[in-house]
$ cat work.cif   # mmCIF, C-alpha atoms
data_my_file
#
loop_
_atom_site.group_PDB
_atom_site.id
_atom_site.type_symbol
_atom_site.label_atom_id
_atom_site.label_comp_id
_atom_site.auth_asym_id
_atom_site.auth_seq_id
_atom_site.Cartn_x
_atom_site.Cartn_y
_atom_site.Cartn_z
ATOM 1 C CA PHE E 1 174.315 177.232 78.943
ATOM 2 C CA PHE E 2 174.773 180.107 76.547
ATOM 3 C CA GLY E 3 177.413 182.792 76.288
ATOM 4 C CA ASP E 4 176.259 186.127 77.691
ATOM 5 C CA LEU E 5 178.336 189.035 78.993
ATOM 6 C CA ASP E 6 175.813 189.534 81.821
ATOM 7 C CA GLY E 7 176.087 185.948 83.075
ATOM 8 C CA PRO E 8 178.238 184.631 85.925
ATOM 9 C CA PRO E 9 181.880 183.769 85.102
ATOM 10 C CA SER E 10 181.679 180.052 85.904
ATOM 11 C CA PRO E 11 179.145 177.302 85.315
ATOM 12 C CA SER E 12 177.082 176.149 88.272
ATOM 13 C CA THR E 13 176.671 172.485 87.452
ATOM 14 C CA ASN E 14 178.222 169.180 88.367
ATOM 15 C CA SER E 15 176.506 167.440 85.485
ATOM 16 C CA LYS E 16 178.596 165.418 83.065
ATOM 17 C CA GLU E 17 176.232 166.321 80.220
ATOM 18 C CA PHE E 18 175.331 169.795 79.052
ATOM 19 C CA ILE E 19 174.758 171.865 75.949
ATOM 20 C CA PHE E 20 176.546 175.142 75.350
ATOM 21 C CA ALA E 21 175.087 177.442 72.709
ATOM 22 C CA VAL E 22 177.530 179.727 70.914
ATOM 23 C CA GLY E 23 175.773 182.693 69.389
ATOM 24 C CA PRO E 24 176.569 185.180 66.687
ATOM 25 C CA GLU E 25 179.620 187.407 67.077
ATOM 26 C CA GLY E 26 177.383 190.429 67.591
ATOM 27 C CA GLY E 27 175.764 188.789 70.613
ATOM 28 C CA TRP E 28 172.322 187.322 71.251
ATOM 29 C CA SER E 29 169.230 189.403 70.542
ATOM 30 C CA ARG E 30 166.790 189.971 73.420
ATOM 31 C CA ALA E 31 164.340 187.553 71.794
ATOM 32 C CA GLU E 32 167.047 184.880 71.465
ATOM 33 C CA LYS E 33 168.078 185.277 75.123
ATOM 34 C CA LYS E 34 164.442 185.048 76.206
ATOM 35 C CA HIS E 35 163.980 181.880 74.139
ATOM 36 C CA LEU E 36 167.133 180.283 75.570
ATOM 37 C CA LEU E 37 165.978 181.096 79.111
ATOM 38 C CA THR E 38 162.545 179.616 78.325
ATOM 39 C CA LEU E 39 164.268 176.396 77.240
ATOM 40 C CA GLY E 40 166.057 176.222 80.596
ATOM 41 C CA GLY E 41 169.314 177.797 79.453
ATOM 42 C CA CYS E 42 171.643 179.546 81.890
ATOM 43 C CA PRO E 43 173.729 182.557 80.855
ATOM 44 C CA LEU E 44 177.489 182.272 81.316
ATOM 45 C CA SER E 45 180.152 184.936 80.815
ATOM 46 C CA LEU E 46 183.245 183.530 79.106
ATOM 47 C CA HIS E 47 185.190 186.794 78.931
ATOM 48 C CA PRO E 48 184.526 190.476 79.654
ATOM 49 C CA TYR E 49 184.435 191.139 75.896
ATOM 50 C CA ILE E 50 182.498 189.527 73.056
ATOM 51 C CA LEU E 51 184.572 186.675 71.619
ATOM 52 C CA ARG E 52 184.620 185.464 68.040
ATOM 53 C CA ALA E 53 182.336 182.458 67.592
ATOM 54 C CA GLU E 54 185.269 180.078 67.026
ATOM 55 C CA THR E 55 187.075 181.320 70.134
ATOM 56 C CA ALA E 56 183.931 181.197 72.294
ATOM 57 C CA ALA E 57 183.428 177.509 71.497
ATOM 58 C CA ILE E 58 187.016 176.685 72.482
ATOM 59 C CA VAL E 59 186.834 178.741 75.696
ATOM 60 C CA ALA E 60 183.519 177.102 76.656
ATOM 61 C CA ALA E 61 184.924 173.608 76.067
ATOM 62 C CA ALA E 62 188.017 174.382 78.144
ATOM 63 C CA LEU E 63 185.909 175.881 80.940
ATOM 64 C CA PHE E 64 183.640 172.855 81.220
ATOM 65 C CA LEU E 65 186.374 170.246 80.777
ATOM 66 C CA THR E 66 188.774 171.716 83.328
ATOM 67 C CA PRO E 67 188.348 170.019 86.716
ATOM 68 C CA ARG E 68 187.169 172.350 89.472
ATOM 69 C CA SER E 69 188.704 172.127 92.932
#

$ encode --input "work.cif" --output "structure tokens"
Amino acid sequence: FFGDLDGPPSPSTNSKEFIFAVGPEGGWSRAEKKHLLTLGGCPLSLHPYILRAETAAIVAAALFLTPRS
């Protein structure tokens, strides 16, 4: 998974293992997004606005660690 404003707002996985890539505060470049997609990455929107890198990592961890009903 990687943070992207155009991605869905919640992860679509039941896996216990995953990698979340936090990008630069200015957002991913088109080439970086393409590369992440090529590697099997899935975009995920954490917030409607671009978050600071430190905040994005915390939000991603909370999102994936919170049990879904």

$ closest_residue --input "work.cif" --among "E:Gly40, E:Gly23, E:Pro48, E:Pro67" --to "E:Gly7" --atoms "all atoms listed in the file"
E:Pro48

$ atom_distance --input "work.cif" --atom1 "atom CA of E:Ser29" --atom2 "atom CA of E:Thr66"
29.3 Å

$ atom_distance --input "work.cif" --atom1 "atom CA of E:Arg52" --atom2 "atom CA of E:Leu39"
24.1 Å

$ closest_residue --input "work.cif" --among "E:Val59, E:Leu65, E:Ile50, E:Arg30" --to "E:Phe18" --atoms "only C-alpha atoms"
E:Leu65

$ residues_around --input "work.cif" --residues "E:Glu32" --least-positions-apart "4" --cutoff "12 Å" --atoms "all atoms listed in the file" --output "NGL selection string"
:E and (2-4 or 21-24 or 27-28 or 36-39 or 41 or 43)

$ write_last_selection --input "work.cif" --atoms "C-alpha atoms" --output "JSON list (two decimals), in the coordinates of the input"
[["chain", "number", "residue", "atom", "x", "y", "z"],
["E", 2, "PHE", "CA", 174.77, 180.11, 76.55],
["E", 3, "GLY", "CA", 177.41, 182.79, 76.29],
["E", 4, "ASP", "CA", 176.26, 186.13, 77.69],
["E", 21, "ALA", "CA", 175.09, 177.44, 72.71],
["E", 22, "VAL", "CA", 177.53, 179.73, 70.91],
["E", 23, "GLY", "CA", 175.77, 182.69, 69.39],
["E", 24, "PRO", "CA", 176.57, 185.18, 66.69],
["E", 27, "GLY", "CA", 175.76, 188.79, 70.61],
["E", 28, "TRP", "CA", 172.32, 187.32, 71.25],
["E", 36, "LEU", "CA", 167.13, 180.28, 75.57],
["E", 37, "LEU", "CA", 165.98, 181.10, 79.11],
["E", 38, "THR", "CA", 162.54, 179.62, 78.32],
["E", 39, "LEU", "CA", 164.27, 176.40, 77.24],
["E", 41, "GLY", "CA", 169.31, 177.80, 79.45],
["E", 43, "PRO", "CA", 173.73, 182.56, 80.86]]

$ closest_residue --input "work.cif" --among "E:Phe1, E:Ala53, E:Ala62, E:His47" --to "E:Ser15" --atoms "all atoms listed in the file"
E:Phe1

$ decode --input "work.cif" --residues "stretch 44-64 of chain E" --atoms "N, CA and C atoms" --output "short mmCIF file (atom, residue, chain, number, x, y, z; two decimals), in the first residue's frame"
data_model
loop_
_atom_site.label_atom_id
_atom_site.label_comp_id
_atom_site.auth_asym_id
_atom_site.auth_seq_id
_atom_site.Cartn_x
_atom_site.Cartn_y
_atom_site.Cartn_z
N LEU E 44 -3.89 4.15 -1.41
CA LEU E 44 -4.79 4.26 -0.27
C LEU E 44 -4.82 5.70 0.20
N SER E 45 -6.01 6.27 0.29
CA SER E 45 -6.15 7.65 0.76
C SER E 45 -6.28 7.64 2.28
N LEU E 46 -5.38 8.34 2.96
CA LEU E 46 -5.41 8.41 4.42
C LEU E 46 -6.22 9.60 4.91
N HIS E 47 -6.35 10.62 4.08
CA HIS E 47 -6.97 11.87 4.48
C HIS E 47 -7.23 12.66 3.20
N PRO E 48 -8.20 13.55 3.19
CA PRO E 48 -8.45 14.32 1.96
C PRO E 48 -7.33 15.30 1.61
N TYR E 49 -6.43 15.56 2.54
CA TYR E 49 -5.32 16.48 2.30
C TYR E 49 -4.00 15.74 2.45
N ILE E 50 -2.95 16.29 1.88
CA ILE E 50 -1.62 15.69 2.02
C ILE E 50 -1.16 15.85 3.47
N LEU E 51 -0.77 14.75 4.08
CA LEU E 51 -0.30 14.76 5.47
C LEU E 51 1.22 14.89 5.52
N ARG E 52 1.73 15.37 6.61
CA ARG E 52 3.18 15.37 6.82
C ARG E 52 3.62 13.91 6.89
N ALA E 53 4.85 13.64 6.51
CA ALA E 53 5.34 12.26 6.46
C ALA E 53 5.19 11.56 7.81
N GLU E 54 5.52 12.27 8.91
CA GLU E 54 5.43 11.66 10.23
C GLU E 54 3.98 11.31 10.58
N THR E 55 3.07 12.20 10.24
CA THR E 55 1.65 11.98 10.53
C THR E 55 1.09 10.86 9.68
N ALA E 56 1.48 10.80 8.41
CA ALA E 56 0.99 9.75 7.50
C ALA E 56 1.36 8.37 8.02
N ALA E 57 2.56 8.21 8.53
CA ALA E 57 2.98 6.91 9.06
C ALA E 57 2.13 6.49 10.25
N ILE E 58 1.82 7.43 11.13
CA ILE E 58 1.00 7.14 12.30
C ILE E 58 -0.43 6.81 11.89
N VAL E 59 -0.99 7.58 10.97
CA VAL E 59 -2.36 7.33 10.50
C VAL E 59 -2.44 5.97 9.81
N ALA E 60 -1.45 5.64 8.99
CA ALA E 60 -1.45 4.34 8.31
C ALA E 60 -1.39 3.19 9.32
N ALA E 61 -0.53 3.31 10.32
CA ALA E 61 -0.43 2.27 11.34
C ALA E 61 -1.75 2.10 12.08
N ALA E 62 -2.37 3.20 12.45
CA ALA E 62 -3.65 3.14 13.17
C ALA E 62 -4.74 2.52 12.28
N LEU E 63 -4.74 2.87 11.02
CA LEU E 63 -5.75 2.35 10.08
C LEU E 63 -5.64 0.83 9.94
N PHE E 64 -4.42 0.34 9.80
CA PHE E 64 -4.23 -1.09 9.60
C PHE E 64 -4.33 -1.89 10.89
#
